[in-house]
>>> print(open('start_36.cif').read())   # mmCIF, C-alpha atoms and all ligand atoms
data_protein
#
loop_
_atom_site.label_atom_id
_atom_site.label_comp_id
_atom_site.auth_asym_id
_atom_site.auth_seq_id
_atom_site.Cartn_x
_atom_site.Cartn_y
_atom_site.Cartn_z
CA MET A 1 -9.22 1.28 24.13
CA ASN A 2 -11.31 -1.52 25.57
CA MET A 3 -14.89 -0.94 26.60
CA HIS A 4 -14.14 -0.56 30.30
CA ALA A 5 -12.23 2.66 29.98
CA ASN A 6 -14.60 4.03 27.37
CA GLU A 7 -17.57 3.59 29.64
CA ILE A 8 -16.35 6.19 32.13
CA ASN A 9 -18.50 9.33 32.28
CA SER A 10 -17.04 12.75 32.49
CA THR A 11 -17.92 16.41 32.15
CA ALA A 12 -14.71 17.93 30.83
CA GLN A 13 -14.58 21.71 30.46
CA SER A 14 -12.50 23.08 27.63
CA THR A 15 -10.68 26.40 27.56
CA THR A 16 -8.23 27.57 24.96
CA ALA A 17 -6.38 30.53 26.49
CA PRO A 18 -2.83 29.81 27.67
CA SER A 19 -2.48 30.16 31.43
CA LEU A 20 0.55 30.73 33.63
CA SER A 21 0.97 28.82 36.84
CA VAL A 22 2.28 31.22 39.49
CA GLU A 23 3.65 28.32 41.57
CA THR A 24 5.73 26.69 38.83
CA GLY A 25 6.10 29.37 36.16
CA LEU A 26 4.99 26.85 33.51
CA THR A 27 2.66 27.97 30.76
CA ARG A 28 -0.17 25.61 29.90
CA LYS A 29 -2.30 25.48 26.78
CA THR A 30 -5.47 23.47 26.84
CA LEU A 31 -5.56 20.88 24.07
CA PRO A 32 -8.56 19.52 22.21
CA THR A 33 -9.95 16.38 23.78
CA PRO A 34 -9.64 12.97 22.10
CA ALA A 35 -13.39 13.13 21.36
CA GLU A 36 -13.06 16.56 19.74
CA LEU A 37 -10.20 15.47 17.50
CA ARG A 38 -11.94 12.22 16.57
CA GLY A 39 -15.04 14.26 15.77
CA ARG A 40 -13.00 16.50 13.48
CA TYR A 41 -11.38 13.53 11.70
CA PRO A 42 -13.82 10.64 12.16
CA LEU A 43 -13.50 7.10 10.87
CA SER A 44 -16.24 5.87 8.56
CA HIS A 45 -18.04 2.67 9.55
CA GLU A 46 -16.31 0.96 6.66
CA LEU A 47 -12.86 2.00 7.86
CA THR A 48 -13.66 1.02 11.45
CA ASP A 49 -14.62 -2.45 10.22
CA ARG A 50 -11.52 -2.68 8.04
CA ILE A 51 -9.23 -1.79 10.96
CA ALA A 52 -10.99 -4.37 13.15
CA HIS A 53 -10.35 -6.88 10.37
CA HIS A 54 -6.67 -5.89 10.14
CA ARG A 55 -6.28 -6.32 13.89
CA ARG A 56 -7.78 -9.81 13.66
CA GLU A 57 -5.47 -10.69 10.79
CA VAL A 58 -2.40 -9.57 12.79
CA SER A 59 -3.65 -11.47 15.79
CA ARG A 60 -4.16 -14.67 13.77
CA ILE A 61 -0.53 -14.53 12.59
CA LEU A 62 0.70 -13.96 16.12
CA ASN A 63 -1.32 -16.92 17.31
CA GLY A 64 -0.11 -19.25 14.57
CA GLU A 65 -3.50 -19.49 12.85
CA ASP A 66 -2.22 -17.79 9.69
CA SER A 67 1.20 -18.83 8.37
CA ARG A 68 1.90 -15.59 6.51
CA LEU A 69 4.75 -13.37 7.67
CA LEU A 70 3.78 -10.13 9.43
CA VAL A 71 5.96 -7.35 8.00
CA VAL A 72 5.93 -3.97 9.73
CA VAL A 73 7.69 -1.66 7.31
CA GLY A 74 7.95 2.08 6.80
CA PRO A 75 9.76 5.23 7.83
CA CYS A 76 11.43 5.53 11.19
CA SER A 77 9.22 8.57 11.70
CA LEU A 78 6.62 10.51 9.72
CA HIS A 79 7.75 14.10 9.26
CA ASP A 80 6.25 15.17 5.94
CA ASP A 81 2.65 14.43 4.93
CA ALA A 82 3.31 14.36 1.19
CA ALA A 83 6.22 11.92 1.44
CA ALA A 84 4.35 9.72 3.93
CA LEU A 85 1.33 9.48 1.61
CA ASP A 86 3.53 8.89 -1.41
CA TYR A 87 5.22 6.03 0.47
CA GLY A 88 1.87 4.70 1.68
CA ARG A 89 0.43 4.56 -1.85
CA ARG A 90 3.44 2.63 -3.10
CA LEU A 91 3.36 0.25 -0.15
CA ALA A 92 -0.37 -0.41 -0.48
CA GLU A 93 0.24 -1.65 -4.02
CA VAL A 94 3.08 -3.97 -2.97
CA ALA A 95 1.02 -5.19 -0.01
CA ARG A 96 -1.80 -6.22 -2.34
CA ALA A 97 0.60 -8.02 -4.68
CA HIS A 98 2.16 -10.06 -1.84
CA ALA A 99 -0.95 -10.60 0.27
CA ASP A 100 -0.81 -14.38 -0.03
CA THR A 101 2.60 -14.64 1.69
CA MET A 102 2.80 -11.54 3.91
CA LEU A 103 0.60 -9.17 5.84
CA ILE A 104 2.28 -5.82 5.28
CA VAL A 105 1.67 -3.15 7.92
CA MET A 106 3.00 0.38 7.49
CA ARG A 107 5.10 1.97 10.23
CA ALA A 108 3.34 5.25 10.95
CA TYR A 109 5.30 6.58 13.92
CA VAL A 110 4.40 10.08 15.10
CA GLU A 111 6.20 9.94 18.46
CA LYS A 112 9.91 9.18 18.84
CA PRO A 113 11.64 8.16 22.07
CA ARG A 114 15.09 9.71 22.25
CA THR A 115 18.21 8.46 23.98
CA THR A 116 18.83 11.97 25.29
CA VAL A 117 17.27 14.77 23.25
CA GLY A 118 16.25 15.26 19.65
CA TRP A 119 13.15 15.75 17.52
CA LYS A 120 10.35 13.86 19.28
CA GLY A 121 8.04 13.40 16.33
CA MET A 122 5.15 15.01 14.51
CA VAL A 123 2.90 15.03 17.57
CA TYR A 124 5.24 17.34 19.46
CA ASP A 125 6.86 19.46 16.78
CA PRO A 126 5.05 19.18 13.44
CA ASP A 127 6.90 22.10 11.84
CA HIS A 128 10.35 21.12 13.11
CA THR A 129 10.83 24.48 14.74
CA GLY A 130 12.25 23.05 17.93
CA THR A 131 9.63 24.97 19.91
CA GLY A 132 6.77 22.50 19.45
CA ASP A 133 3.04 22.84 18.94
CA LEU A 134 1.13 19.94 20.43
CA ALA A 135 -2.32 21.10 19.37
CA GLU A 136 -1.23 21.28 15.74
CA GLY A 137 0.90 18.14 16.10
CA LEU A 138 -2.00 16.04 17.36
CA ARG A 139 -4.28 17.45 14.67
CA ARG A 140 -1.85 16.83 11.87
CA SER A 141 -0.92 13.37 13.15
CA ARG A 142 -4.53 12.23 13.32
CA HIS A 143 -5.29 13.69 9.91
CA LEU A 144 -2.26 12.01 8.32
CA LEU A 145 -2.91 8.64 9.96
CA LEU A 146 -6.52 8.80 8.78
CA ARG A 147 -5.43 9.48 5.20
CA LEU A 148 -2.92 6.62 5.38
CA ALA A 149 -5.52 4.23 6.81
CA GLU A 150 -7.86 5.20 3.96
CA LEU A 151 -5.29 3.75 1.54
CA GLY A 152 -6.27 0.34 2.90
CA LEU A 153 -3.03 -0.32 4.76
CA PRO A 154 -2.97 -1.53 8.35
CA LEU A 155 -0.94 0.96 10.40
CA ALA A 156 1.62 0.44 13.16
CA THR A 157 2.80 2.99 15.70
CA GLU A 158 4.75 3.23 18.92
CA ALA A 159 2.72 4.12 22.01
CA LEU A 160 5.03 6.50 23.81
CA ASN A 161 2.91 8.93 25.80
CA PRO A 162 -0.17 7.01 26.99
CA LEU A 163 -2.32 10.16 26.66
CA VAL A 164 -1.38 10.62 23.01
CA MET A 165 -2.58 7.11 22.20
CA ARG A 166 -6.12 8.19 23.19
CA TYR A 167 -6.18 10.49 20.15
CA LEU A 168 -4.94 7.94 17.64
CA GLU A 169 -5.56 4.37 18.72
CA ASP A 170 -8.71 3.78 16.66
CA LEU A 171 -6.57 4.20 13.50
CA ILE A 172 -3.91 1.66 14.47
CA SER A 173 -3.77 -2.11 13.90
CA TRP A 174 -0.50 -2.99 15.67
CA THR A 175 1.29 -1.07 18.41
CA ALA A 176 4.87 -1.21 19.66
CA ILE A 177 6.09 -0.55 23.16
CA GLY A 178 9.65 0.61 22.64
CA ALA A 179 12.89 -0.60 24.19
CA ARG A 180 13.04 2.43 26.47
CA THR A 181 9.58 1.98 27.97
CA ALA A 182 9.08 -1.81 28.13
CA GLU A 183 9.62 -1.75 31.88
CA SER A 184 7.25 1.14 32.55
CA GLN A 185 4.10 0.39 34.52
CA PRO A 186 1.96 3.09 32.84
CA HIS A 187 2.82 1.54 29.46
CA ARG A 188 1.88 -1.92 30.67
CA GLU A 189 -1.43 -0.50 31.91
CA LEU A 190 -1.95 1.13 28.54
CA VAL A 191 -1.28 -2.15 26.70
CA SER A 192 -3.75 -3.87 29.01
CA ASP A 193 -6.33 -1.42 27.67
CA LEU A 194 -5.48 -1.51 23.94
CA ALA A 195 -7.88 -3.56 21.85
CA MET A 196 -5.20 -4.63 19.39
CA PRO A 197 -2.01 -6.72 19.17
CA VAL A 198 1.05 -5.14 20.78
CA GLY A 199 4.74 -5.98 20.32
CA ILE A 200 7.01 -5.22 23.28
CA LYS A 201 10.66 -4.70 22.50
CA ASN A 202 13.65 -6.05 24.38
CA ALA A 203 15.50 -3.41 26.43
CA THR A 204 18.28 -1.26 24.96
CA ASP A 205 20.83 -3.41 26.84
CA GLY A 206 19.58 -6.45 24.92
CA SER A 207 17.87 -8.20 27.84
CA VAL A 208 14.42 -9.64 27.23
CA ASP A 209 13.10 -9.92 30.78
CA ALA A 210 11.48 -6.49 31.01
CA ALA A 211 9.52 -7.19 27.83
CA VAL A 212 8.52 -10.68 28.91
CA ASN A 213 7.41 -9.34 32.31
CA GLY A 214 5.57 -6.60 30.44
CA MET A 215 3.64 -9.21 28.44
CA GLN A 216 2.60 -10.90 31.66
CA ALA A 217 1.62 -7.61 33.31
CA ALA A 218 -0.32 -6.34 30.29
CA SER A 219 -2.32 -9.55 30.02
CA GLN A 220 -3.95 -8.72 33.36
CA PRO A 221 -6.70 -6.19 34.21
CA HIS A 222 -5.48 -3.02 35.92
CA GLU A 223 -6.82 0.00 37.72
CA SER A 224 -4.97 3.02 36.39
CA ILE A 225 -5.19 6.78 36.00
CA GLY A 226 -5.53 8.39 32.61
CA ILE A 227 -7.91 10.49 30.58
CA ASP A 228 -11.21 9.50 29.03
CA ASP A 229 -12.46 10.56 25.60
CA ASN A 230 -13.55 13.94 27.00
CA GLY A 231 -10.10 14.67 28.37
CA GLN A 232 -11.28 14.24 31.94
CA VAL A 233 -8.74 12.70 34.29
CA ALA A 234 -10.30 9.39 35.13
CA ALA A 235 -9.83 6.08 36.88
CA LEU A 236 -9.56 3.50 34.12
CA SER A 237 -10.38 -0.18 34.55
CA THR A 238 -8.49 -2.08 31.89
CA ALA A 239 -9.43 -5.51 30.60
CA GLY A 240 -6.02 -7.14 29.98
CA ASN A 241 -4.52 -7.76 26.55
CA PRO A 242 -4.05 -11.39 25.47
CA ASP A 243 -2.40 -10.36 22.19
CA THR A 244 1.16 -9.35 23.02
CA HIS A 245 4.48 -10.66 21.75
CA LEU A 246 8.20 -10.01 22.01
CA VAL A 247 10.14 -7.97 19.46
CA LEU A 248 13.88 -8.72 19.28
CA ARG A 249 15.76 -5.54 18.28
CA GLY A 250 19.29 -6.24 19.56
CA GLY A 251 20.94 -4.17 22.29
CA ARG A 252 24.20 -2.39 23.11
CA GLY A 253 25.46 -3.12 19.62
CA ILE A 254 24.85 -6.88 19.99
CA THR A 255 22.40 -8.56 17.64
CA ASN A 256 19.73 -11.08 18.69
CA TYR A 257 18.16 -12.35 15.49
CA ASP A 258 20.35 -15.45 15.13
CA THR A 259 18.96 -18.94 15.77
CA GLU A 260 20.48 -19.26 19.23
CA SER A 261 19.30 -15.83 20.46
CA VAL A 262 15.82 -16.55 19.17
CA ARG A 263 15.83 -19.99 20.81
CA MET A 264 16.94 -18.51 24.16
CA ALA A 265 14.29 -15.80 24.01
CA GLN A 266 11.62 -18.36 23.19
CA HIS A 267 12.79 -20.51 26.11
CA ARG A 268 12.27 -17.54 28.45
CA LEU A 269 8.83 -16.83 26.97
CA ARG A 270 7.83 -20.48 27.41
CA GLU A 271 9.04 -20.45 31.03
CA LYS A 272 6.83 -17.43 31.71
CA GLY A 273 3.85 -18.99 29.96
CA VAL A 274 3.41 -16.23 27.36
CA ASN A 275 3.32 -16.20 23.55
CA THR A 276 6.56 -17.71 22.19
CA ARG A 277 6.08 -16.32 18.68
CA VAL A 278 8.40 -13.39 18.07
CA MET A 279 9.03 -10.55 15.66
CA ILE A 280 12.54 -9.59 14.62
CA ASP A 281 13.29 -5.89 14.23
CA CYS A 282 15.87 -5.87 11.43
CA SER A 283 16.85 -2.27 12.27
CA HIS A 284 18.05 -0.60 15.49
CA ASP A 285 20.77 -2.53 17.34
CA ASN A 286 20.28 -5.57 15.10
CA ALA A 287 21.43 -3.48 12.13
CA ARG A 288 23.78 -1.39 14.28
CA LYS A 289 22.21 1.64 12.58
CA GLN A 290 23.53 0.47 9.19
CA HIS A 291 20.32 0.42 7.22
CA GLN A 292 21.64 -1.86 4.44
CA MET A 293 22.12 -4.63 7.02
CA GLN A 294 18.35 -4.96 7.23
CA SER A 295 18.32 -6.87 3.93
CA VAL A 296 20.87 -9.38 5.20
CA ILE A 297 18.97 -9.87 8.45
CA ALA A 298 15.64 -10.31 6.66
CA GLY A 299 17.31 -12.91 4.45
CA GLU A 300 18.50 -14.80 7.52
CA ILE A 301 15.01 -14.70 9.00
CA LEU A 302 13.70 -16.16 5.78
CA GLU A 303 16.29 -18.92 6.15
CA GLN A 304 15.21 -19.61 9.71
CA ARG A 305 11.60 -19.87 8.56
CA GLN A 306 12.62 -22.20 5.78
CA ALA A 307 14.53 -24.29 8.28
CA GLY A 308 11.24 -24.80 10.09
CA ASN A 309 11.28 -22.13 12.82
CA ALA A 310 7.61 -21.19 12.69
CA GLY A 311 8.17 -19.18 15.90
CA ILE A 312 9.42 -16.16 13.97
CA VAL A 313 6.15 -14.70 12.77
CA GLY A 314 7.11 -11.15 11.98
CA LEU A 315 9.79 -8.74 11.00
CA MET A 316 10.22 -5.00 11.10
CA LEU A 317 12.02 -2.85 8.55
CA GLU A 318 12.77 0.86 8.53
CA SER A 319 12.28 2.06 4.98
CA PHE A 320 11.44 5.29 3.21
CA ILE A 321 11.60 6.71 -0.30
CA THR A 322 15.31 7.56 -0.43
CA GLU A 323 17.82 5.62 1.65
CA GLY A 324 19.78 6.90 4.63
CA ARG A 325 19.01 9.78 6.94
CA GLN A 326 19.52 13.53 7.15
CA ASP A 327 19.37 16.26 9.74
CA MET A 328 16.30 18.41 9.36
CA SER A 329 16.98 21.72 7.61
CA ASP A 330 15.38 24.11 5.14
CA GLU A 331 17.11 22.17 2.35
CA ALA A 332 16.03 18.76 3.60
CA ALA A 333 15.68 16.23 0.77
CA TYR A 334 12.28 14.71 -0.04
CA GLY A 335 11.53 11.26 1.37
CA VAL A 336 14.67 10.91 3.51
CA SER A 337 14.34 10.00 7.20
CA ILE A 338 15.15 12.68 9.77
CA THR A 339 15.57 10.10 12.54
CA ASP A 340 17.08 6.61 11.99
CA PRO A 341 18.52 5.67 8.59
CA CYS A 342 16.14 3.75 6.34
CA LEU A 343 16.30 1.46 3.33
CA GLY A 344 15.33 3.24 0.11
CA TRP A 345 12.19 2.37 -1.83
CA ASP A 346 13.86 0.34 -4.57
CA GLU A 347 15.68 -1.83 -2.02
CA THR A 348 12.47 -2.25 -0.10
CA VAL A 349 10.60 -3.46 -3.15
CA ARG A 350 13.34 -5.93 -4.02
CA LEU A 351 13.56 -7.19 -0.46
CA LEU A 352 9.79 -7.68 -0.17
CA GLN A 353 9.81 -9.49 -3.52
CA LEU A 354 12.63 -11.69 -2.27
CA LEU A 355 10.70 -12.53 0.88
CA HIS A 356 7.55 -13.16 -1.13
CA ASN A 357 9.36 -15.55 -3.46
CA GLY A 358 11.12 -17.28 -0.58
CA LEU A 359 7.99 -17.68 1.52
CA GLY A 360 5.95 -18.82 -1.45
CA SER A 361 8.21 -21.32 -3.09
CA ILE A 362 10.71 -22.17 -0.33
CA PRO A 363 13.77 -21.97 -2.60
CA SER A 364 17.04 -23.53 -1.49
CA ARG A 365 19.23 -21.89 1.14
CA GLY A 366 22.05 -21.26 -1.31
CA LYS A 367 19.80 -19.52 -3.78
CA ASP A 368 18.30 -17.28 -1.11
CA MET A 369 21.62 -16.18 0.22
CA ALA A 370 22.89 -15.47 -3.28
CA MET A 371 19.86 -13.27 -3.86
CA VAL A 372 20.41 -11.42 -0.58
CA ALA A 373 24.09 -10.94 -1.41
CA ASP A 374 23.10 -9.49 -4.80
CA LEU A 375 20.62 -7.21 -3.12
CA VAL A 376 23.14 -5.86 -0.64
CA ALA A 377 25.83 -5.48 -3.29
CA SER A 378 23.56 -3.55 -5.66
O1 LIG B 401 14.73 7.37 15.91
C1 LIG B 401 14.68 6.74 16.83
C2 LIG B 401 15.69 5.95 17.52
O2 LIG B 401 15.70 4.64 17.18
C3 LIG B 401 15.44 6.03 18.98
O3 LIG B 401 14.27 6.66 19.18
C4 LIG B 401 16.58 6.72 19.66
O4 LIG B 401 17.16 7.61 18.84
P1 LIG B 401 18.37 8.53 19.35
O5 LIG B 401 19.37 7.63 20.01
O6 LIG B 401 18.87 9.14 18.07
O7 LIG B 401 17.80 9.53 20.26
C1 LIG B 402 12.56 3.71 18.62
C2 LIG B 402 12.29 2.57 18.02
O1 LIG B 402 12.69 1.36 18.42
P1 LIG B 402 13.41 0.92 19.76
O2 LIG B 402 12.43 1.15 20.85
O3 LIG B 402 13.69 -0.52 19.50
O4 LIG B 402 14.66 1.73 19.90
C3 LIG B 402 11.55 2.53 16.76
O5 LIG B 402 11.15 1.44 16.33
O6 LIG B 402 11.34 3.59 16.19
#
>>> encode(input="start_36.cif", output="structure tokens")
Amino acid sequence: MNMHANEINSTAQSTTAPSLSVETGLTRKTLPTPAELRGRYPLSHELTDRIAHHRREVSRILNGEDSRLLVVVGPCSLHDDAAALDYGRRLAEVARAHADTMLIVMRAYVEKPRTTVGWKGMVYDPDHTGTGDLAEGLRRSRHLLLRLAELGLPLATEALNPLVMRYLEDLISWTAIGARTAESQPHRELVSDLAMPVGIKNATDGSVDAAVNGMQAASQPHESIGIDDNGQVAALSTAGNPDTHLVLRGGRGITNYDTESVRMAQHRLREKGVNTRVMIDCSHDNARKQHQMQSVIAGEILEQRQAGNAGIVGLMLESFITEGRQDMSDEAAYGVSITDPCLGWDETVRLLQLLHNGLGSIPSRGKDMAMVADLVAS
């Protein structure tokens, strides 16, 4: 959150007993405030500085001042602390090894937007009971993100409910606005207030205009309604976020990572006078939910970079310990996504190595594609 919104004073009162509204019949449980949860799981000065540094590094890539590739990689959603930390430890090691060619940021998504209904993420239903427990979900999400950040990895998340972001934003180095919310004014106001780089995704129908308009809107100051650190409903004056970019994720089963789609998107961005550097999401509609396709797409992005398209500055991969996906159950397997299908760890390592080699030594097109073909075949 930028200084403006933080400066608001409030005198929030906190109660814990559930109450029943006679008018609506809804039960309400008071939640801890963002300040209370931050106080319970605080960032050290060292970690605060490191996250500020990570945000600057991401920003430099997005602004073309650092030629490394930004790679946002990790599970579709975090549902199990042990598996998330296991993955984070492995990724931190790979990130260090490839730090000269890539800035690796871990996907640490604790809220999931759903097409209709489904598990909405750790924040809402940490024990996968289907009944939810937001107080525990917020607590566990903050605790897990703190432990992941302590591994030294920059973290990425999707800002879905603007209020939830107030509990977590200090731990995050790159935020996504998802395909389903890119046109939402409250999300644009939130982005205007986030002191970090934000990627806005094209809409689920594949069109880029809502995201491009969102970049314009979020770059401006806004007056909006939200909560302050003490949970008090407050008028927020946002500063405007200069660090936004488009994420191409395909739409309606049609991909948009090819040279022509990227060129058309960049043309639109140029017309609107916003950042023309883009990230490609190798999953979602670009992969048509076939997780293995992500390797092929990443290989093609590497090719585009090698062909001189410096406008593709980032890519996103959905990856976990074991490939695929599963429905949540008592017998759920360790390290398998319970939302979108993911690449497995071994494939992820090989793909990141491939990208590292390709970005470092610029091998020939033929050799790259042969390596990608091997990777997909294996
Ligand atoms: O897991 C997340 C999905 O990409 C997105 O949130 C929509 O998922 P759904 O169509 O399974 O609800
Ligand atoms: C839901 C996601 O993406 P999208 O908004 O592109 O569907 C995601 O990245 O988890």
>>> atom_distance(input="start_36.cif", atom1="atom CA of A:Ile177", atom2="atom O6 of ligand LIG 402 (chain B)")
9.7 Å
>>> closest_residue(input="start_36.cif", among="A:Asn161, A:Asn213, A:Asn256, A:Thr339", to="ligand LIG 401 (chain B)", atoms="only C-alpha atoms and all ligand atoms")
A:Thr339
>>> closest_atom_pairs(input="start_36.cif", of="chain A", to="ligand LIG 402 (chain B)", cutoff="6 Å", atoms="all atoms listed in the file", output="tab-separated table")
residue	atom	partner	partner_atom	distance
A:Cys76	CA	B:LIG402	O6	5.4
A:Pro113	CA	B:LIG402	C1	5.7
A:Gly178	CA	B:LIG402	O2	3.4
A:Ala179	CA	B:LIG402	O2	3.8
A:Arg180	CA	B:LIG402	O2	5.8
A:Lys201	CA	B:LIG402	O3	6.0
A:Arg249	CA	B:LIG402	O3	5.6
A:His284	CA	B:LIG402	O3	5.9
>>> residues_near_ligand(input="start_36.cif", ligand="ligand LIG 401 (chain B)", cutoff="10 Å", atoms="only C-alpha atoms and all ligand atoms", output="list of chain:residue names")
A:Pro75, A:Cys76, A:Ser77, A:Tyr109, A:Glu111, A:Lys112, A:Pro113, A:Arg114, A:Thr115, A:Thr116, A:Val117, A:Gly118, A:Trp119, A:Lys120, A:Gly121, A:Gly178, A:Ala179, A:Arg180, A:Thr204, A:Ser283, A:His284, A:Asp285, A:Lys289, A:Glu318, A:Ser337, A:Ile338, A:Thr339, A:Asp340, A:Pro341
>>> atom_distance(input="start_36.cif", atom1="atom CA of A:Asp133", atom2="atom CA of A:Leu145")
17.8 Å
>>> residues_around(input="start_36.cif", residues="stretch 99-104 of chain A", least_positions_apart="5", cutoff="6 Å", atoms="all atoms listed in the file", output="number ranges by chain")
A: 68-71, 356
>>> atom_distance(input="start_36.cif", atom1="atom CA of A:Pro242", atom2="atom CA of A:Ser219")
5.2 Å
>>> closest_residue(input="start_36.cif", among="A:Gly152, A:Pro32, A:Gly226, A:Gly206", to="A:His187", atoms="only C-alpha atoms")
A:Gly226
>>> closest_residue(input="start_36.cif", among="A:Ile200, A:Ile321, A:Ile312, A:Ala108", to="A:Arg90", atoms="only C-alpha atoms")
A:Ile321
>>> residues_around(input="start_36.cif", residues="A:Ala84", least_positions_apart="3", cutoff="9 Å", atoms="all atoms listed in the file", output="PDB file with C-alpha atoms, keeping the file's coordinate frame")
ATOM      1  CA  GLY A  74       7.950   2.080   6.800  1.00  0.00           C
ATOM      2  CA  PRO A  75       9.760   5.230   7.830  1.00  0.00           C
ATOM      3  CA  LEU A  78       6.620  10.510   9.720  1.00  0.00           C
ATOM      4  CA  HIS A  79       7.750  14.100   9.260  1.00  0.00           C
ATOM      5  CA  ASP A  80       6.250  15.170   5.940  1.00  0.00           C
ATOM      6  CA  ASP A  81       2.650  14.430   4.930  1.00  0.00           C
ATOM      7  CA  TYR A  87       5.220   6.030   0.470  1.00  0.00           C
ATOM      8  CA  GLY A  88       1.870   4.700   1.680  1.00  0.00           C
ATOM      9  CA  ARG A  89       0.430   4.560  -1.850  1.00  0.00           C
ATOM     10  CA  ALA A 108       3.340   5.250  10.950  1.00  0.00           C
ATOM     11  CA  LEU A 144      -2.260  12.010   8.320  1.00  0.00           C
ATOM     12  CA  LEU A 148      -2.920   6.620   5.380  1.00  0.00           C
ATOM     13  CA  PHE A 320      11.440   5.290   3.210  1.00  0.00           C
ATOM     14  CA  ILE A 321      11.600   6.710  -0.300  1.00  0.00           C
ATOM     15  CA  GLY A 335      11.530  11.260   1.370  1.00  0.00           C
TER      16      GLY A 335
END
>>> closest_residue(input="start_36.cif", among="A:Val164, A:Ala265, A:Ala92, A:Leu43", to="A:His143", atoms="only C-alpha atoms")
A:Leu43
>>> closest_residue(input="start_36.cif", among="A:His98, A:His54, A:Arg270, A:Arg140", to="A:Asp127", atoms="all atoms listed in the file")
A:Arg140
>>> closest_residue(input="start_36.cif", among="A:Thr131, A:Asp209, A:Ile227, A:Ala149", to="A:Leu91", atoms="all atoms listed in the file")
A:Ala149
>>> residues_around(input="start_36.cif", residues="A:Leu248", least_positions_apart="5", cutoff="12 Å", atoms="only C-alpha atoms", output="number ranges by chain")
A: 176-179, 199-209, 211-212, 254-259, 261-266, 276-287, 301, 312-316
